[in-house]
Amino acid sequence: MRAALGRHLSALILAPTAAATLVFVYGFIAWTAYMSFTGSRMMPVYELIGFDAYTRLWEMERWNVSIVNLLIFGSLFVGLGLVTGLMLAILLDQRIRAEGLLRTVYLYPMALSFIVTGTVWKWLLNPGIGLERGMHQLGWESFRFGWIVDPDLAIYTIVIAGVWQSSGLVLAIFLAALRGVDQDVVKAAFMDGASTLQIYWGIVLPSIRPAFFSAVIVLTHLAVKSFDLVVAMTNGGPGYATDLPAIFMYSMSFQRNNIAVGSATAMMMLCTVMAIIVPYLYSELRPARSAHG
Amino acid sequence: MHHIRLSITCLALATGALSALPALAGPPTVEVLHFMTSGGQAKGMKSLKDDLEAQGGKWVDTPVGGGNSEDALAKLRTRVMGGDAPSSVQLKGPLIQEWGALGVLQPIDDVATAGRWEQALPKLVSDTMKYKGQWVAAPVNIHRLDWMYANPAVLSKVGIRMPATWEEFDAAADKLKAAGITPLAHGGQAWQDASLFEIVVASVGGPAFHRKALVELDNAALTGPTMKQVFDRMRKLRGYVDANFSGRDWNVATNMIINGQAGFQLMGDWVKGDMSAAGKLPGRDYVCANPPGHGGGSFLFIVDSFAMFKSKNPDVLAGQKLFGKLMMEPRFQENFNLAKGSIPVRNDMKLDKFDACALAARDQMDKSIKGGGFNPSAIHDMAVASAVRGAMTDVATKHFNSSISSDEAVQLLARSIKQARE
């Protein structure tokens, strides 16, 4: 009896979480998928009508704007986030003084919620009260920085705030990985006369591949689901120029009485994340599996 | 040990007694889900709360910030799905019918009959308060959307009068611009862009065109040359707005009128409510007028109302009846509408305490009911389904915040409305 308990103890302890995950994650995904094939408007109805919601979704001009915005925002947010975080990590890795303090300074934005970040950046970037006005008061009258009120450029201001917010986290991930690099190899390379750039490019960066993996996954899902940052900064505006799929989804499901289209949007977002993560997961995990197998 | 058991027994008895109490005799209770949170509106709601409490009722306040219906509706949906509907919800127009169709609304016919609501309300208004002939909601006010405000001090400074036509408006705007004053105070939120659009539809096209296009969604009207003129006018107005209008709240725009930074504001009469809350007087600190153009015979109405939701609790039913009764009493109608800037929905009331703008609204209302220009506002959920309203809002805000041509906007509008209706 006791032996049997011992054998199954881990399974028993994990069972409640597994069940909860099954219902509250996969169950709700399934429910959303089901909803997207119905004609639900204000409240859910359960009669299946096919791909109608998806057709209507792709006909909407505003949905196309949010997809384009997601591509712009997503690629810049992930790309710049990685580069900034990595650069900061490499600079901090030079065994400088007050490293602990600097690390806290860089990591601090992560402690703020996106709503706070968004509000602060909204004020900073607003030409009437923020940076532009400040420069005018300092005497630089010709200074112009009105991106946030320009429909074509507003999405880039979201990238700025997003990268500012998340680069600290990326820094932490990379710094931890850099500290794990075998110093003997680095020293050997140094003895052989390799330059710092060569050492980083040829030895250090390849050996921290798993850290890139974690950072990309974290940043990608932040980008696809980003909602609060945009709501706080521009609320999708000017017009709907900074709309992202998450905001579009919220708007359709909860403000426009269009649950079917909202669910279809959610499924499209899930597919986007899957399309990026699954191949990456596959390429990252395959060598490990073959090494063990 | 005995002590512990004894105290547990006592505790159990006491809890039992406590939980039994409200079922025996609770005060009439009403939970009010509303989004009247800005200055004048909050003052209006407070007067209703005081009335209810004076009569022994219990008021549970559930305000939703932001002043727009969308967030409140999202909250309502989750509450209803969870089987815990608030007893009274600020809800209006076709939405009352949509919720009625789900069978969750509570009829209060006896209160309506006793209060003679049928006789006191314009027919267009009383129709929206009923679901299948039963009263399920009570109205609090009539708002007029198509108003134009200005600061008389600013007007006299640059030597202009309230413009009666769009040509005069353009001339006035140019003078204001030359004097370094923003011609049009506007808040760049989607619903405000859309409100401006609807005002322009009614003033450039006239009330009959407004009804055809935005209420009946007639395709010929939506795609015709008049709609193109509407977008041309919107493009012109875009040029009169300052650079920082994006995301601004409407009351911040109103403030620009009050402190002389801007010339005109085109917005509903809730602007007036906030002006009164700030101690401003019509005629002295601000003036209200019909928007330029054909606006003379038009009245775009918005009726705020509270729908009653079913509950098994008898206290709640009593609360709803008391709430509905008080809401339609002249006393509250007067208090509330004085604070909010709207006019009483009852047509059998004296208006001696109301200001010049409210009297003008009342007058305009009677005229427009006779002349056929008394139309429900589509952008403010009085005429069309939320999906259609959303489509109109999207196009209006897209056009206002980009450089697409009027022709493109007309096509986009017709297409988006068609998609939303399917």
# chains A, B, ... in the order shown; residues from 1 in each chain; ligands from 1

$ interface_residues --of "chain B" --to "chain A" --cutoff "9 Å" --atoms "only C-alpha atoms" --output "number ranges by chain"
B: 69-71, 73-75, 77, 81, 98-99, 102, 188-190, 193, 243-247, 385-390, 394-402, 412, 416, 419-420, 422

$ residues_around --residues "stretch 239-242 of chain B" --least-positions-apart "4" --cutoff "6 Å" --atoms "only C-alpha atoms" --output "list in words"
Thr182, Pro183 and Leu184 of chain B

$ closest_residue --among "A:Leu178, A:Leu88, A:Leu229, A:Ile217" --to "A:Pro279" --atoms "only C-alpha atoms"
A:Ile217

$ closest_residue --among "B:Ala137, B:Met365, B:Met227, B:Ala101" --to "B:Met327" --atoms "only C-alpha atoms"
B:Ala137

$ closest_residue --among "B:Gln320, B:Gln261, B:Gln192, B:Gln90" --to "B:Pro28" --atoms "only C-alpha atoms"
B:Gln320

$ select_by_dssp --residues "stretch 141-260 of chain B" --states "helix (DSSP H, G or I)" --output "VMD selection string"
chain B and resid 152 to 158 166 to 178 190 to 215 219 to 223 225 to 238 250 to 258
